[in-house]
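> Input structure: target-v6.cif, which contains mmCIF, C-alpha atoms.
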data_entry
#
loop_
_atom_site.label_atom_id
_atom_site.label_comp_id
_atom_site.auth_asym_id
_atom_site.auth_seq_id
_atom_site.Cartn_x
_atom_site.Cartn_y
_atom_site.Cartn_z
CA MET H 1 91.34 105.04 75.66
CA ALA H 2 94.53 103.08 76.38
CA ASP H 3 94.86 99.46 75.31
CA LEU H 4 94.31 97.39 78.44
CA ASP H 5 94.28 93.92 76.84
CA LEU H 6 96.41 92.05 79.35
CA ASP H 7 96.53 88.27 79.15
CA VAL H 8 96.33 87.86 82.91
CA SER H 9 93.71 86.99 85.48
CA ALA H 10 94.03 88.31 89.05
CA PRO H 11 92.39 86.29 91.83
CA LEU H 12 89.35 87.60 93.68
CA GLY H 13 89.55 88.46 97.37
CA GLY H 14 92.82 90.30 97.06
CA GLY H 15 96.54 89.90 97.39
CA VAL H 16 99.42 91.24 95.35
CA TRP H 17 99.20 90.86 91.60
CA ARG H 18 102.42 90.91 89.56
CA PHE H 19 102.14 91.88 85.94
CA PRO H 20 104.33 90.23 83.30
CA ALA H 21 107.72 91.85 82.83
CA ASP H 22 106.97 92.33 79.13
CA ARG H 23 103.97 94.54 79.99
CA PRO H 24 105.60 97.35 82.00
CA LEU H 25 103.81 100.34 83.42
CA VAL H 26 104.82 103.36 81.32
CA LEU H 27 104.96 106.51 83.43
CA ASP H 28 104.32 110.11 82.48
CA SER H 29 108.02 110.80 83.05
CA GLY H 30 108.91 108.31 80.32
CA ALA H 31 110.28 105.77 82.81
CA LYS H 32 108.97 102.21 82.87
CA ILE H 33 108.32 99.83 85.76
CA ALA H 34 108.64 96.19 84.71
CA GLY H 35 107.20 93.48 86.90
CA LEU H 36 104.70 95.91 88.41
CA GLU H 37 103.06 94.69 91.61
CA VAL H 38 99.68 96.00 92.76
CA ALA H 39 98.29 95.10 96.17
CA TYR H 40 94.51 95.05 96.29
CA GLN H 41 91.41 93.82 98.09
CA THR H 42 88.01 92.90 96.69
CA TYR H 43 84.69 92.52 98.49
CA GLY H 44 81.57 90.91 97.07
CA ALA H 45 81.27 89.31 93.64
CA LEU H 46 80.98 90.49 90.06
CA ASN H 47 77.44 89.89 88.78
CA ASP H 48 76.63 87.95 85.62
CA ASP H 49 76.69 90.95 83.29
CA GLY H 50 79.66 92.59 85.00
CA SER H 51 77.73 95.76 85.78
CA ASN H 52 78.21 96.10 89.56
CA ALA H 53 81.95 96.77 89.99
CA ILE H 54 83.00 99.79 92.07
CA LEU H 55 86.58 100.99 92.39
CA ILE H 56 87.44 102.94 95.53
CA CYS H 57 90.53 105.16 95.44
CA HIS H 58 92.31 105.92 98.70
CA ALA H 59 93.78 109.15 100.03
CA LEU H 60 97.43 109.99 100.77
CA THR H 61 97.95 107.72 103.78
CA GLY H 62 95.24 105.18 102.98
CA ASP H 63 95.58 101.65 101.64
CA GLN H 64 93.63 98.83 100.03
CA TYR H 65 91.84 97.85 103.26
CA VAL H 66 88.78 100.01 102.74
CA ALA H 67 86.49 97.56 104.57
CA GLY H 68 87.04 94.73 107.02
CA ALA H 69 90.04 94.56 109.33
CA ASN H 70 93.43 95.97 108.39
CA PRO H 71 95.98 93.21 109.16
CA THR H 72 98.75 95.75 109.81
CA THR H 73 96.94 97.98 112.29
CA GLY H 74 94.22 95.60 113.48
CA LYS H 75 91.74 98.45 113.03
CA PRO H 76 88.59 98.46 110.87
CA GLY H 77 88.90 99.49 107.24
CA TRP H 78 89.32 103.21 106.66
CA TRP H 79 85.91 103.75 104.99
CA THR H 80 83.58 101.37 106.81
CA ARG H 81 81.31 104.41 107.17
CA LEU H 82 80.37 103.94 103.51
CA VAL H 83 81.41 100.41 102.59
CA GLY H 84 79.79 97.39 104.21
CA PRO H 85 76.49 95.60 104.82
CA GLY H 86 73.59 98.03 104.55
CA LYS H 87 75.93 100.90 103.60
CA PRO H 88 75.77 103.00 100.40
CA ILE H 89 78.39 100.69 98.89
CA ASP H 90 77.42 97.16 99.89
CA PRO H 91 79.35 93.97 98.97
CA ALA H 92 75.99 92.19 98.91
CA ARG H 93 75.15 94.23 95.79
CA HIS H 94 78.51 95.48 94.56
CA PHE H 95 81.85 94.06 93.56
CA VAL H 96 84.13 96.45 95.46
CA ILE H 97 87.78 96.88 94.51
CA CYS H 98 90.43 98.93 96.29
CA SER H 99 94.15 98.89 95.50
CA ASN H 100 97.19 100.39 97.16
CA VAL H 101 98.52 103.12 94.86
CA ILE H 102 101.84 102.58 93.17
CA GLY H 103 104.48 104.39 95.17
CA GLY H 104 102.70 103.23 98.31
CA CYS H 105 104.01 100.96 101.04
CA MET H 106 101.29 98.36 101.54
CA GLY H 107 102.35 95.92 98.87
CA SER H 108 102.26 97.88 95.61
CA THR H 109 105.53 98.69 93.85
CA GLY H 110 107.12 101.72 95.48
CA PRO H 111 110.41 103.14 96.71
CA ALA H 112 110.64 100.49 99.46
CA SER H 113 110.32 97.69 96.91
CA ILE H 114 113.35 95.80 95.66
CA ASN H 115 114.81 97.13 92.42
CA PRO H 116 115.39 93.97 90.33
CA ALA H 117 118.39 95.62 88.66
CA THR H 118 120.27 96.08 91.94
CA GLY H 119 118.70 93.70 94.46
CA GLU H 120 118.37 96.66 96.85
CA PRO H 121 115.39 98.85 97.77
CA TRP H 122 114.67 101.46 95.10
CA GLY H 123 114.92 104.40 97.47
CA LEU H 124 115.30 107.66 95.54
CA SER H 125 116.18 105.82 92.35
CA PHE H 126 112.48 105.04 92.06
CA PRO H 127 110.96 107.14 89.25
CA ILE H 128 108.79 110.13 90.05
CA LEU H 129 105.07 109.36 89.81
CA THR H 130 101.89 111.22 88.90
CA ILE H 131 98.23 110.69 89.75
CA ALA H 132 97.77 109.59 86.12
CA ASP H 133 100.42 106.88 86.66
CA MET H 134 98.50 105.62 89.69
CA VAL H 135 95.30 105.45 87.65
CA ARG H 136 97.08 103.71 84.78
CA ALA H 137 98.16 100.95 87.18
CA GLN H 138 94.62 100.68 88.54
CA ALA H 139 93.28 100.32 85.00
CA MET H 140 95.68 97.44 84.42
CA LEU H 141 94.41 95.76 87.60
CA ILE H 142 90.75 96.30 86.69
CA ASP H 143 91.38 94.63 83.35
CA ALA H 144 93.18 91.74 85.06
CA LEU H 145 90.13 91.26 87.30
CA GLY H 146 87.96 90.84 84.22
CA VAL H 147 86.03 94.09 84.68
CA ASP H 148 85.12 95.85 81.44
CA THR H 149 83.15 98.76 82.88
CA LEU H 150 83.00 100.18 86.40
CA LEU H 151 79.64 101.11 87.84
CA ALA H 152 81.44 103.83 89.79
CA VAL H 153 84.85 105.12 90.76
CA VAL H 154 84.70 106.70 94.23
CA GLY H 155 87.31 108.59 96.24
CA GLY H 156 87.96 111.38 98.69
CA SER H 157 90.89 113.81 98.90
CA MET H 158 93.72 112.32 96.80
CA GLY H 159 91.24 109.58 95.97
CA GLY H 160 89.05 112.25 94.40
CA MET H 161 91.97 113.31 92.22
CA GLN H 162 92.24 109.74 90.97
CA VAL H 163 88.51 109.67 90.26
CA GLN H 164 88.84 112.78 88.09
CA GLN H 165 91.82 111.29 86.27
CA TRP H 166 89.80 108.13 85.61
CA ALA H 167 87.01 110.21 84.05
CA VAL H 168 89.48 112.02 81.81
CA ASP H 169 91.67 109.06 80.78
CA TYR H 170 89.18 106.16 80.73
CA PRO H 171 85.68 107.62 80.31
CA GLY H 172 84.53 104.56 78.39
CA LYS H 173 85.32 102.31 81.33
CA LEU H 174 83.18 104.01 83.98
CA PHE H 175 79.48 104.69 84.33
CA SER H 176 79.67 107.17 87.22
CA ALA H 177 82.18 109.04 89.37
CA VAL H 178 82.03 110.28 92.97
CA ILE H 179 84.48 113.04 93.96
CA VAL H 180 84.57 113.89 97.68
CA ALA H 181 86.53 116.73 99.32
CA SER H 182 88.97 117.12 96.48
CA ALA H 183 90.38 119.53 93.88
CA SER H 184 91.41 119.56 90.23
CA ARG H 185 94.89 120.78 91.13
CA HIS H 186 96.96 121.56 94.20
CA SER H 187 97.01 125.12 95.45
CA ALA H 188 100.21 126.92 96.41
CA GLN H 189 99.21 126.52 100.06
CA ASN H 190 98.84 122.76 99.71
CA ILE H 191 102.19 122.48 97.95
CA ALA H 192 103.74 124.55 100.75
CA PHE H 193 102.41 122.25 103.48
CA HIS H 194 103.70 119.21 101.62
CA GLU H 195 107.11 120.79 101.24
CA VAL H 196 107.31 121.35 104.99
CA GLY H 197 106.63 117.65 105.51
CA ARG H 198 109.16 116.55 102.93
CA GLN H 199 111.84 118.81 104.39
CA ALA H 200 111.16 117.42 107.86
CA ILE H 201 111.79 113.90 106.54
CA MET H 202 114.89 114.82 104.57
CA ALA H 203 116.35 116.79 107.50
CA ASP H 204 116.26 113.68 109.70
CA PRO H 205 119.83 112.29 109.82
CA GLU H 206 118.37 108.79 109.63
CA TRP H 207 116.89 109.50 106.20
CA ARG H 208 120.40 109.02 104.76
CA GLY H 209 119.65 110.43 101.32
CA GLY H 210 116.69 108.10 100.95
CA ALA H 211 118.83 104.97 101.38
CA TYR H 212 117.78 104.31 104.98
CA ALA H 213 116.25 100.89 104.25
CA ALA H 214 119.49 99.57 102.75
CA GLN H 215 121.42 100.98 105.72
CA GLY H 216 119.10 99.57 108.36
CA SER H 217 117.73 102.86 109.72
CA ARG H 218 114.42 104.75 109.66
CA PRO H 219 113.77 108.53 109.68
CA GLU H 220 111.03 108.17 112.27
CA LYS H 221 111.36 111.64 113.80
CA GLY H 222 111.14 113.41 110.46
CA LEU H 223 108.19 111.32 109.28
CA ALA H 224 106.38 111.90 112.58
CA VAL H 225 106.78 115.67 112.24
CA ALA H 226 105.54 115.52 108.64
CA ARG H 227 102.45 113.65 109.81
CA MET H 228 101.83 116.12 112.64
CA ALA H 229 101.98 119.11 110.29
CA ALA H 230 99.71 117.43 107.74
CA HIS H 231 97.22 116.28 110.35
CA ILE H 232 96.56 119.88 111.37
CA THR H 233 95.37 120.58 107.81
CA TYR H 234 92.89 117.70 108.03
CA LEU H 235 91.09 119.28 110.98
CA SER H 236 89.31 122.58 111.55
CA GLU H 237 89.73 125.19 114.25
CA PRO H 238 86.23 124.51 115.65
CA ALA H 239 86.98 120.77 115.76
CA LEU H 240 90.28 121.34 117.56
CA GLN H 241 88.67 123.75 119.98
CA ARG H 242 85.79 121.39 120.71
CA LYS H 243 88.02 118.38 121.20
CA PHE H 244 90.96 119.96 123.02
CA GLY H 245 90.66 123.69 123.60
CA ARG H 246 93.50 124.72 125.90
CA GLU H 247 93.04 121.73 128.20
CA LEU H 248 96.21 120.60 129.93
CA GLN H 249 97.58 117.09 129.74
CA ARG H 250 98.14 117.04 133.51
CA ASP H 251 97.66 119.25 136.55
CA GLY H 252 99.76 122.37 136.15
CA LEU H 253 102.37 123.43 133.63
CA SER H 254 105.64 121.57 133.17
CA TRP H 255 107.59 124.81 132.74
CA GLY H 256 109.41 123.04 129.95
CA PHE H 257 108.81 121.49 126.54
CA ASP H 258 106.89 118.38 127.44
CA ALA H 259 103.40 118.03 125.98
CA ASP H 260 101.60 120.39 128.35
CA PHE H 261 98.46 120.71 126.24
CA GLN H 262 96.21 117.86 125.18
CA VAL H 263 96.41 118.95 121.55
CA GLU H 264 100.20 118.61 121.70
CA SER H 265 99.91 115.09 123.08
CA TYR H 266 97.35 114.22 120.39
CA LEU H 267 99.63 115.35 117.58
CA ARG H 268 102.61 113.50 119.03
CA HIS H 269 100.50 110.35 119.23
CA GLN H 270 99.43 110.77 115.59
CA GLY H 271 103.03 111.12 114.52
CA ALA H 272 104.25 108.14 116.54
CA ALA H 273 101.47 105.86 115.30
CA PHE H 274 102.03 106.88 111.69
CA VAL H 275 105.68 105.82 111.52
CA ASP H 276 104.67 102.27 112.43
CA ARG H 277 102.61 101.87 109.27
CA PHE H 278 104.06 104.17 106.61
CA ASP H 279 107.28 104.52 104.66
CA ALA H 280 109.04 107.88 104.58
CA ASN H 281 110.06 107.72 100.92
CA SER H 282 106.50 106.76 99.95
CA TYR H 283 105.38 109.93 101.70
CA LEU H 284 107.80 111.94 99.56
CA TYR H 285 106.70 110.34 96.31
CA ILE H 286 102.96 110.45 96.90
CA THR H 287 102.93 114.06 98.09
CA ARG H 288 104.98 115.02 95.03
CA ALA H 289 102.45 113.26 92.79
CA MET H 290 99.66 115.28 94.41
CA ASP H 291 101.60 118.52 93.94
CA TYR H 292 102.13 117.75 90.25
CA PHE H 293 98.41 117.10 89.75
CA ASP H 294 96.82 119.71 87.48
CA LEU H 295 94.03 118.16 85.45
CA ALA H 296 93.54 121.18 83.19
CA ALA H 297 97.21 121.72 82.28
CA PRO H 298 97.34 119.21 79.37
CA HIS H 299 94.09 120.72 78.02
CA GLY H 300 95.13 124.30 77.48
CA GLY H 301 94.58 125.15 81.11
CA VAL H 302 90.80 124.80 80.66
CA LEU H 303 89.30 122.22 83.01
CA ALA H 304 86.12 121.87 80.95
CA ASN H 305 88.23 120.70 78.01
CA ALA H 306 89.62 117.90 80.17
CA PHE H 307 86.12 116.59 80.90
CA LYS H 308 84.71 116.77 77.35
CA ALA H 309 85.30 113.09 76.69
CA ALA H 310 83.40 112.19 79.89
CA ARG H 311 79.96 113.48 78.83
CA ASP H 312 78.39 110.05 79.32
CA VAL H 313 79.70 109.72 82.89
CA ARG H 314 77.37 110.63 85.78
CA PHE H 315 79.17 112.70 88.43
CA CYS H 316 78.55 113.37 92.11
CA VAL H 317 80.70 116.02 93.81
CA LEU H 318 80.62 116.53 97.60
CA SER H 319 82.39 119.11 99.78
CA PHE H 320 82.35 120.21 103.43
CA THR H 321 81.87 123.72 104.77
CA SER H 322 84.83 123.60 107.19
CA ASP H 323 87.32 121.94 104.84
CA TRP H 324 90.08 124.51 104.32
CA LEU H 325 92.49 122.02 102.72
CA TYR H 326 90.18 121.46 99.74
CA PRO H 327 87.50 124.11 100.27
CA THR H 328 84.09 124.11 98.61
CA SER H 329 85.34 126.64 96.05
CA GLU H 330 87.53 123.87 94.60
CA SER H 331 84.54 121.54 94.26
CA ARG H 332 82.45 124.29 92.67
CA HIS H 333 85.24 124.82 90.15
CA ILE H 334 85.03 121.14 89.22
CA VAL H 335 81.22 121.28 88.93
CA ARG H 336 81.32 124.37 86.73
CA ALA H 337 83.82 122.67 84.45
CA LEU H 338 81.70 119.52 84.27
CA THR H 339 78.64 121.58 83.40
CA ALA H 340 80.53 123.51 80.74
CA ALA H 341 81.72 120.22 79.25
CA GLY H 342 78.13 118.96 79.03
CA CYS H 343 78.46 116.39 81.81
CA ARG H 344 75.73 115.44 84.26
CA ALA H 345 76.84 116.53 87.72
CA ALA H 346 75.13 116.49 91.12
CA PHE H 347 76.70 118.66 93.82
CA ALA H 348 76.21 119.08 97.57
CA GLU H 349 78.06 121.15 100.13
CA ILE H 350 77.69 119.41 103.49
CA ASP H 351 77.53 121.49 106.66
CA SER H 352 80.19 120.12 109.02
CA ASP H 353 82.72 121.53 111.47
CA LYS H 354 85.04 118.49 111.25
CA GLY H 355 87.33 119.89 108.56
CA HIS H 356 88.80 117.89 105.70
CA ASP H 357 88.63 114.63 107.68
CA ALA H 358 84.82 114.87 107.60
CA PHE H 359 84.83 112.58 104.56
CA LEU H 360 86.16 109.78 106.79
CA LEU H 361 83.93 110.48 109.79
CA ASP H 362 80.31 110.14 110.86
CA GLU H 363 78.47 112.44 108.45
CA PRO H 364 74.89 111.23 107.89
CA VAL H 365 74.28 113.79 105.14
CA MET H 366 77.21 112.40 103.18
CA ASP H 367 75.87 108.88 103.68
CA ALA H 368 72.43 109.95 102.46
CA ALA H 369 73.84 111.80 99.45
CA LEU H 370 75.90 108.82 98.35
CA THR H 371 73.01 106.41 98.98
CA GLY H 372 70.75 108.53 96.79
CA PHE H 373 73.29 108.91 94.03
CA MET H 374 74.21 105.22 93.96
CA GLY H 375 70.54 104.31 93.93
CA SER H 376 69.91 106.44 90.85
CA VAL H 377 73.01 105.08 89.11
CA GLU H 378 71.98 101.49 89.83
CA ARG H 379 68.48 102.12 88.48
CA GLU H 380 69.93 103.59 85.30
CA ARG H 381 72.24 100.61 84.95
CA GLY H 382 69.40 98.16 85.65
CA ILE H 383 70.82 96.79 88.89
CA GLY H 384 68.22 95.80 91.50
CA ARG H 385 68.47 97.07 95.08
#
Step by step, read the file and then write its structure as structure tokens.

Amino acid sequence: MADLDLDVSAPLGGGVWRFPADRPLVLDSGAKIAGLEVAYQTYGALNDDGSNAILICHALTGDQYVAGANPTTGKPGWWTRLVGPGKPIDPARHFVICSNVIGGCMGSTGPASINPATGEPWGLSFPILTIADMVRAQAMLIDALGVDTLLAVVGGSMGGMQVQQWAVDYPGKLFSAVIVASASRHSAQNIAFHEVGRQAIMADPEWRGGAYAAQGSRPEKGLAVARMAAHITYLSEPALQRKFGRELQRDGLSWGFDADFQVESYLRHQGAAFVDRFDANSYLYITRAMDYFDLAAPHGGVLANAFKAARDVRFCVLSFTSDWLYPTSESRHIVRALTAAGCRAAFAEIDSDKGHDAFLLDEPVMDAALTGFMGSVERERGIGR
């Protein structure tokens, strides 16, 4: 396990924590980020024996505002389905932590941050990141918050990748792990979809070789198209058919290229809303980190070998029947590897027609599964409910 003895103390409630320049974040690429900043939120309080801390890891376009109101969008937190009073993860019982990943654009150090060496935004001079780098930064934050051991690390999609990386890199710092709608590596299809999005951004003349911030422009059209293409992968054909079908946006056809169909208007709205809250270069960096993710690669290509050090961690793996971005076969692969490594793993495939986004939506079976798992983990840890 890495040495995380940082002589710092981050405040509760949240904010942006800046680590000392003499304790840089060392990346898998060999690059270093000095003066690392991590934006985070906390909910609830750490109990007397420090046994109730839960880290929640966000997905590609998520942020640290997992519960409560997001000050940027004004909308509720992105996982209030599971985090809140009376929910499976409850600030009345748990000390909940969620941070913006490095490379992100909601306060953590990323390509839109100022490079102290130049006084300009990093842009494409920012070093390439990995999921392991994101987790390494989270581990530094957890230590700064005074948390020795996490009751659970929980995440869906890219968040589930971070959860797996936590189990492999810091098994001694977590008691349990919840992996929802995720995979142990990106498939060729997933890499292909990400490449389409990246090319859409880089083909926008306003991208300006990644230096758009310094030049006062924004590649909004390219980023919007990237979001539209990705959003299709988060849904399922039954969900699209149920919600939109071939319904027209107005009476009659336009006989042109306006948004004739409701599904077209929906995607355009998703793209337009996204550019107001996300940075284009962050999208490039985070999708590249996901594409590079291959948990088994450093362990001889055998996933079970990666999990051998995590035999004392309790795992819960959840998937959805209509998720074709990270299908159930990917979750079963993780469960088989955990079993082969001698880990304790609970698994459930949840029947849903909502596609990959089901992990963010109203899914009572998911709620029940997580409530049951967290209850058993708390009993083992001696935490009263």
> Could you state which residues are captured by the PyMOL selection byres ((chain H and resi 326) around 12) in this file, as a PyMOL selection string?
chain H and resi 156-158+160-161+179-190+233-236+318-325+327-334+355-359
> For Lys87 of chain H, please output as a ChimeraX atom specification all residues within 12 Å (counting all atoms listed in the file; exclusion window: fewer than 3 positions along the same chain).
/H:67,79-84,90-94,364,366-372,374-375,385
> Taking 4 positions as the minimum chain separation for residues in the same chain, which residues sit within 9 Å of segment 95-104 of chain H when counting only C-alpha atoms? Answer as an NGL selection string.
:H and (14 or 36-47 or 50-58 or 60-66 or 83 or 89-91 or 108-112 or 126 or 128-129 or 133-135 or 137-138 or 141-142 or 278-279 or 281-283 or 285-286)
> Where does the PyMOL selection byres ((chain H and resi 314) around 8) land in this file, that is, which residues does it pick, as a list of chain:residue names?
H:Phe175, H:Ser176, H:Ala177, H:Arg311, H:Asp312, H:Val313, H:Phe315, H:Cys316, H:Cys343, H:Arg344, H:Ala345, H:Val377
> I'd like the interatomic distance between atom CA of Asp148 of chain H and atom CA of Ala21 of chain H, to a tenth of an Å.
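Between atom CA of Asp148 of chain H and atom CA of Ala21 of chain H the gap works out to 23.0 Å.
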> Report, in Å with one decimal, the straight-line distance from atom CA of Gln262 of chain H to atom CA of Arg242 of chain H.
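Answer for the atom CA of Gln262 of chain H to atom CA of Arg242 of chain H separation: 11.9 Å.
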> How far is it from atom CA of Leu284 of chain H to atom CA of Arg198 of chain H, in Å with one decimal?
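Distance between the two atoms: 5.9 Å.
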> Using all atoms listed in the file, determine which residues lie at most 7 Å from segment 200-215 of chain H, disregarding the query and same-chain residues fewer than 6 positions distant; provide the list as number ranges by chain.
H: 120-121, 123-124, 221-223, 225-226, 280-281
> Just checking: using all atoms listed in the file, which residue out of H:Leu174, H:Ala167, H:Ala272, H:Ala31 ends up closest to Leu150 of chain H?
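Among the listed residues, H:Leu174 lies closest to Leu150 of chain H.
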> Would you mind telling me which residue in H:Ala289, H:Asp143, H:Val26, H:Phe347 lies nearest to Val178 of chain H when using only C-alpha atoms?
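Checking each of H:Ala289, H:Asp143, H:Val26, H:Phe347 against Val178 of chain H, counting only C-alpha atoms, the winner is H:Phe347.
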> Counting all atoms listed in the file, which of H:Thr339, H:Gln249, H:Ser125, H:Thr130 gets nearest to Thr287 of chain H?
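Comparing H:Thr339, H:Gln249, H:Ser125, H:Thr130 against Thr287 of chain H, the winner is H:Thr130.
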> Padding 6 Å on each side, edges along x, y and z: where is the centre of the box around the listed atoms of segment 57-75 of chain H, and how long are its edges in Å to one decimal? Output it as JSON.

{"center_x": 92.6, "center_y": 101.6, "center_z": 104.5, "size_x": 24.3, "size_y": 28.8, "size_z": 30.0}
> Calculated over all atoms listed in the file, which of the candidates H:Val163, H:Arg277, H:Lys354, H:Gly382 has the smallest distance to Gln241 of chain H?
H:Lys354
> Taking all atoms listed in the file into account, which of H:Val168, H:Ala144, H:Met290, H:Met228 comes nearest Arg268 of chain H?
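Counting all atoms listed in the file, the residue closest to Arg268 of chain H is H:Met228.
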